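What follows is a set of notes on a single structure, which appears directly below.
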Amino acid sequence: MGDNQERLSVSSSSLTTAQAEGDSLMIVEESWMIAEERAHEILSVIQPFFVSDRNRNEIIDYVRALIKSHDGIEVFSFGSVPLKTYLPDGDIDMTVITKQNMEHKFFEKMYNTLKSEEGKPEFDVTDVKYIPAQVKVIKCNIRNIAVDISFNQMAGLCALCFLEQVDQLFGRDHLFKRSIILIKAWCYYESRILGANMGLFSTYALSILVLYIINLFHSSLSGPLSVLYKFLDYYGSFDWSNYCISLSGPVPISRLPELMAASPENGQELLLDQKFVRDCVKLYTAPTKPVETNGLEFPIKHLNIVDPLKYSNNLGKSVTIGNVKRVKHAFTLGARKLRDVLSLPGETIGWRLEKYFGNALERNGKGQRQDVKDPVTAFGTGRSELSDLSGDFEGYFGRLASYQNNEFYLRAMNGSTSIQPNVFQNMGKRRGTGTYIPDMSQQLYHARFRGSGAGNSASHHIGASSSCNLSGEVSTSSASIKGEECVKSEPCQSSPPENIGDSISSKTLEMENGKEEESKTSQKLKSS
């Protein structure tokens with residue numbers, strides 16, 4: 001292999017294993033860098049801006065001011081807005097924490113308060129609705145942005161803390177967040193497979209799918225575009241009928257309710273080891289109301305994704321049977337089209353990639369955004385709006401700790417787990433990006449899954465039920481869990497993890513020094 005090119009394998013569910021082994025796509029390093037650079041330019045008009053952050057925060061403060069006029073009420077924002085992974089068309093999620101047995105009465109007050117704000121010019125509140133679903137929600141539009149207000153839903157804040165921490169751990173100029181934004185844009189604007197209310201993926205489910213791709217392929221990802229390609233290639237040929245996805249790997253549905261994940265294929269090392277995930281479960285699992293503790297087994301749906309913070313929660317439950325084929329086809333077709341783009345000469349890749357994201361650029365690349373009133377920088381001008389994807393992890397974690405130690409909350413919940421407010425105070429951040437050339441395996445993923453039965457492959461235990469608070473120290477290295485034998489369920493532990501702050505800091509610092517190792521790896525690839 002030449003010095004300036006690397007092999008990018010292709011795999012698709014439409015190919016046989018023999019075809020996959022004999023078919024490969026050669027991409028010179030310069031062409032791959034051109035593709036990632038153009039993807040960065042596309043991201044620059046889709047990702048959050050300072051001005052869009054300010055507008056959304058003003059809306060959050062406005063709603064919070066309306067609600068907090070009542071005593072004993074706390075208001076939190078969660079989801080993609082504080083995580084800074086929202087699209088220009090994304091909504092704002094907020095949850096109101098009320099006193100025990102006060103929820104129903106306050107719903108009516110909140111609805112009436114928002115209705116009384118309709119017609120006032122400053123925030124332009126419109127279309128206020130009450131949705132009496134399993135999770136009751138008040139919906140409205142404020143400044144032409146959809147706002148969802150739920151009550152006593154702490155799982156969203158737990159997920160926010162977890163994803164923010166993972167982004168800081170991965171580093172590389174927020175590779176995780178930038179990948180979420182790019183993949184959400186493709187799913188929402190190009191393939192139309194995003195939206196739990198439409199029987200499709202929820203944004204949290206999509207984030208966990210992206211997280212597993214980076215967790216498994218972290219050493220061979222050059223940027224958000226390579227994450228998108230791996231995402232489409234992997235899930236387009238994933239055996240959804242027989243396996244569910246977890247952060248630790250594919251889990252055979254036949255083995256459920258035991259969540260036993262197969263070891264990473266081809267000897268890949270998982271960046272987030274099992275002990276790290278267990279400690280996150282302890283820290284970020286929202287206490288459960290008594291009515292929710294009846295079913296602790298993982299429910300089988302048409303697409304199955306294990307929530308890393310609550311093993312009995314299937315994040316794929318929103319995808320209806322009528323949309324399963326649509327989702328699979330979108331992944332397969334998207335991977336094939338992107339592979340075609342990447343196989344073009346370097347001078348052609350740029351404009352073909354723009355065509356690949358044509359709907360997203362048509363919607364957001366002409367100097368206007370749905371969530372910003374004033375004009376913004378248009379795509380293709382060589383300039384971009386100021387943006388910062390850094391989140392306030394300490395603030396999110398502090399709110400979660402404050403809430404979980406709240407007196408009325410502890411009276412309302414059973415089995416709550418206390419949390420240590422200063423446990424991550426010394427966690428470091430990694431800056432800068434590395435340049436990688438993707439080294440993608442030629443073997444079909446579904447072929448590997450067929451050969452990874454429980455009897456002839458190593459596997460690792462994820463968890464017996466969501467009610468257990470799993471213990472264990474966080475590993476200070478990104479050690480592989482490959483080859484680990486099945487672990488029996490241990491008794492539930494309630495004590496907090498020891499030295500987790502120092503452990504994660506050590507792991508983050510270890511990643512800080514990864515740039516030199518990445519450079520050495522790249523040199524080895526070139527010389528091979």
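Each chain in the structure tokens gets a letter, A, B and so on, in the order shown; residues start at 1 in every chain, and ligands are counted from 1 in the order they appear.
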So that I can check the secondary structure, give me every residue of stretch 78-280 of chain A assigned strand (DSSP E or B) by backbone DSSP, as an MDAnalysis selection string. chainID A and resid 78 92:97 118 125:131 137:142 145:151 194 201 243:246 249:252 260:262
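Residue neighbourhood of stretch 187-193 of chain A, excluding near-sequence residues (fewer than 4 positions): Leu182, Ile183, Met198, Gly199, Leu200, Phe201, Asn323, Arg326, Val327, Ala330, Phe331, Gly334, Tyr356, Phe357, Gly358, Asn359, Ala360 and Arg363 of chain A, at 9 Å, using only C-alpha atoms.
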If we count only C-alpha atoms, what is near stretch 121-132 of chain A at a cut-off of 9 Å, once residues fewer than 2 positions away on the same chain are taken out, given as an mmCIF file with C-alpha atoms, in the first residue's frame?
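And here is the file that came out, out28.cif:
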data_model
loop_
_atom_site.group_PDB
_atom_site.id
_atom_site.type_symbol
_atom_site.label_atom_id
_atom_site.label_comp_id
_atom_site.auth_asym_id
_atom_site.auth_seq_id
_atom_site.Cartn_x
_atom_site.Cartn_y
_atom_site.Cartn_z
ATOM 1 C CA ILE A 59 -36.898 31.232 26.266
ATOM 2 C CA TYR A 62 -38.784 33.128 30.467
ATOM 3 C CA PHE A 107 -50.428 21.106 35.372
ATOM 4 C CA GLU A 108 -53.657 23.059 35.156
ATOM 5 C CA TYR A 111 -51.399 25.470 31.209
ATOM 6 C CA LEU A 114 -49.062 29.894 29.306
ATOM 7 C CA LYS A 115 -52.461 30.436 27.683
ATOM 8 C CA GLU A 117 -49.242 34.710 27.677
ATOM 9 C CA GLU A 118 -50.573 34.142 24.169
ATOM 10 C CA GLY A 119 -50.697 37.327 22.142
ATOM 11 C CA GLN A 134 -48.271 8.416 29.942
ATOM 12 C CA VAL A 135 -45.767 11.215 30.481
ATOM 13 C CA LYS A 136 -47.965 14.299 30.655
ATOM 14 C CA VAL A 137 -46.623 17.204 28.618
ATOM 15 C CA ILE A 138 -47.586 20.795 27.944
ATOM 16 C CA LYS A 139 -46.574 21.796 24.423
ATOM 17 C CA CYS A 140 -46.347 25.269 22.981
ATOM 18 C CA ASN A 141 -44.388 27.416 20.540
ATOM 19 C CA ILE A 142 -42.331 30.327 21.835
ATOM 20 C CA ARG A 143 -40.587 32.553 19.313
ATOM 21 C CA ASN A 144 -41.396 29.919 16.703
#
Mind running stretch 119-198 of chain A against stretch 43-47 of chain A at 9 Å and telling me each contacting residue's nearest atom pair with the distance in Å (one decimal), counting only C-alpha atoms, chain and number ascending, as JSON lines?
{"residue": "A:Arg178", "atom": "CA", "partner": "A:Leu43", "partner_atom": "CA", "distance": 7.7}
{"residue": "A:Ile181", "atom": "CA", "partner": "A:Gln47", "partner_atom": "CA", "distance": 6.5}
{"residue": "A:Leu182", "atom": "CA", "partner": "A:Leu43", "partner_atom": "CA", "distance": 6.5}
{"residue": "A:Ala185", "atom": "CA", "partner": "A:Ile46", "partner_atom": "CA", "distance": 7.7}
Dump as a PDB file, in the first residue's frame, selection limited to C-alpha atoms:
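New file out_39.pdb:
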ATOM      1  CA  ARG A 178     -20.250  17.006  16.370  1.00  0.00           C
ATOM      2  CA  ILE A 181     -25.248  16.798  15.137  1.00  0.00           C
ATOM      3  CA  LEU A 182     -24.123  15.575  11.694  1.00  0.00           C
ATOM      4  CA  ALA A 185     -29.019  16.226  10.429  1.00  0.00           C
TER       5      ALA A 185
END
Atom CA of A:Asn197 to atom CA of A:Pro82, distance in Å rounded to a single decimal: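 Distance reported for this atom pair: 21.3 Å.
Those residues in stretch 110-168 of chain A carrying a DSSP assignment of alpha helix (DSSP H), computed from the backbone, are Met110, Tyr111, Asn112, Thr113, Leu114, Lys115, Ser116, Glu117, Ala155, Gly156, Leu157, Cys158, Ala159, Leu160, Cys161, Phe162, Leu163, Glu164, Gln165, Val166, Asp167 and Gln168 of chain A.
Here atom CA of A:Pro264 is placed at a distance of 24.1 Å from atom CA of A:Arg339.
The space between atom CA of A:Ser246 and atom CA of A:Ile305 spans 6.1 Å.
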From the set A:Phe170, A:Trp32, A:Phe298, A:Trp240, which residue has the shortest atom-to-atom contact distance to A:Ser343, counting only C-alpha atoms?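 Selected residue with least distance to A:Ser343: A:Trp32.
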Please identify all polymer residues within 10 Å of A:Leu157, counting only C-alpha atoms, omitting same-chain residues fewer than 6 positions from it, and present them as an MDAnalysis selection string. chainID A and resid 76:79 82 94:95 163 284:286 396:397 399:400
Store the residues picked out above in a file with N, CA, C and O atoms, as a tab-separated table (two decimals), in the first residue's frame.
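out.tsv, freshly written:
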chain	number	residue	atom	x	y	z
A	76	PHE	N	-35.83	22.50	35.32
A	76	PHE	CA	-34.57	22.11	34.67
A	76	PHE	C	-34.80	21.99	33.16
A	76	PHE	O	-35.85	21.53	32.72
A	77	SER	N	-33.81	22.40	32.38
A	77	SER	CA	-33.80	22.07	30.96
A	77	SER	C	-32.93	20.83	30.77
A	77	SER	O	-31.98	20.61	31.52
A	78	PHE	N	-33.27	20.02	29.79
A	78	PHE	CA	-32.48	18.83	29.51
A	78	PHE	C	-32.53	18.56	28.02
A	78	PHE	O	-33.16	19.29	27.26
A	79	GLY	N	-31.85	17.51	27.60
A	79	GLY	CA	-31.88	17.16	26.18
A	79	GLY	C	-30.83	17.88	25.36
A	79	GLY	O	-29.78	18.30	25.86
A	82	PRO	N	-29.23	22.00	26.35
A	82	PRO	CA	-28.06	22.15	27.22
A	82	PRO	C	-26.87	21.29	26.78
A	82	PRO	O	-25.72	21.66	27.02
A	94	MET	N	-38.03	20.83	28.83
A	94	MET	CA	-37.92	21.28	30.21
A	94	MET	C	-38.76	20.37	31.09
A	94	MET	O	-39.75	19.79	30.64
A	95	THR	N	-38.34	20.21	32.34
A	95	THR	CA	-39.14	19.44	33.29
A	95	THR	C	-39.31	20.25	34.57
A	95	THR	O	-38.39	20.96	35.00
A	163	LEU	N	-24.08	11.98	28.99
A	163	LEU	CA	-23.59	12.29	27.65
A	163	LEU	C	-22.57	13.43	27.67
A	163	LEU	O	-21.60	13.41	26.90
A	284	TYR	N	-25.92	8.06	37.69
A	284	TYR	CA	-26.90	8.74	36.85
A	284	TYR	C	-28.22	8.00	36.69
A	284	TYR	O	-29.00	8.35	35.82
A	285	THR	N	-28.48	6.98	37.48
A	285	THR	CA	-29.76	6.31	37.40
A	285	THR	C	-30.78	7.06	38.23
A	285	THR	O	-30.61	7.22	39.43
A	286	ALA	N	-31.85	7.52	37.58
A	286	ALA	CA	-32.90	8.25	38.29
A	286	ALA	C	-33.67	7.29	39.17
A	286	ALA	O	-34.06	6.22	38.72
A	396	TYR	N	-24.91	20.95	35.57
A	396	TYR	CA	-25.91	19.90	35.40
A	396	TYR	C	-25.84	18.92	36.57
A	396	TYR	O	-26.86	18.53	37.14
A	397	PHE	N	-24.61	18.53	36.91
A	397	PHE	CA	-24.44	17.53	37.96
A	397	PHE	C	-24.88	18.09	39.31
A	397	PHE	O	-25.48	17.39	40.13
A	399	ARG	N	-27.22	20.33	39.82
A	399	ARG	CA	-28.68	20.33	39.88
A	399	ARG	C	-29.22	18.94	40.16
A	399	ARG	O	-30.17	18.78	40.92
A	400	LEU	N	-28.62	17.95	39.54
A	400	LEU	CA	-29.05	16.57	39.77
A	400	LEU	C	-28.83	16.18	41.22
A	400	LEU	O	-29.70	15.59	41.86
Would you mind listing what lies within 12 Å of A:Pro299 as an NGL selection string, with only C-alpha atoms counted and same-chain residues fewer than 3 positions away left out? :A and (244 or 253 or 256-259 or 295-296 or 302-307 or 311-317 or 465)
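Minimum distance to A:Asp173 across A:Lys282, A:Lys120, A:Lys109, A:His40 (counting only C-alpha atoms) occurs at A:His40.
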Which residue out of A:Trp186, A:Ser237, A:Arg172, A:Ala261 has the minimum interatomic distance to A:Leu221 when only C-alpha atoms are used? A:Arg172
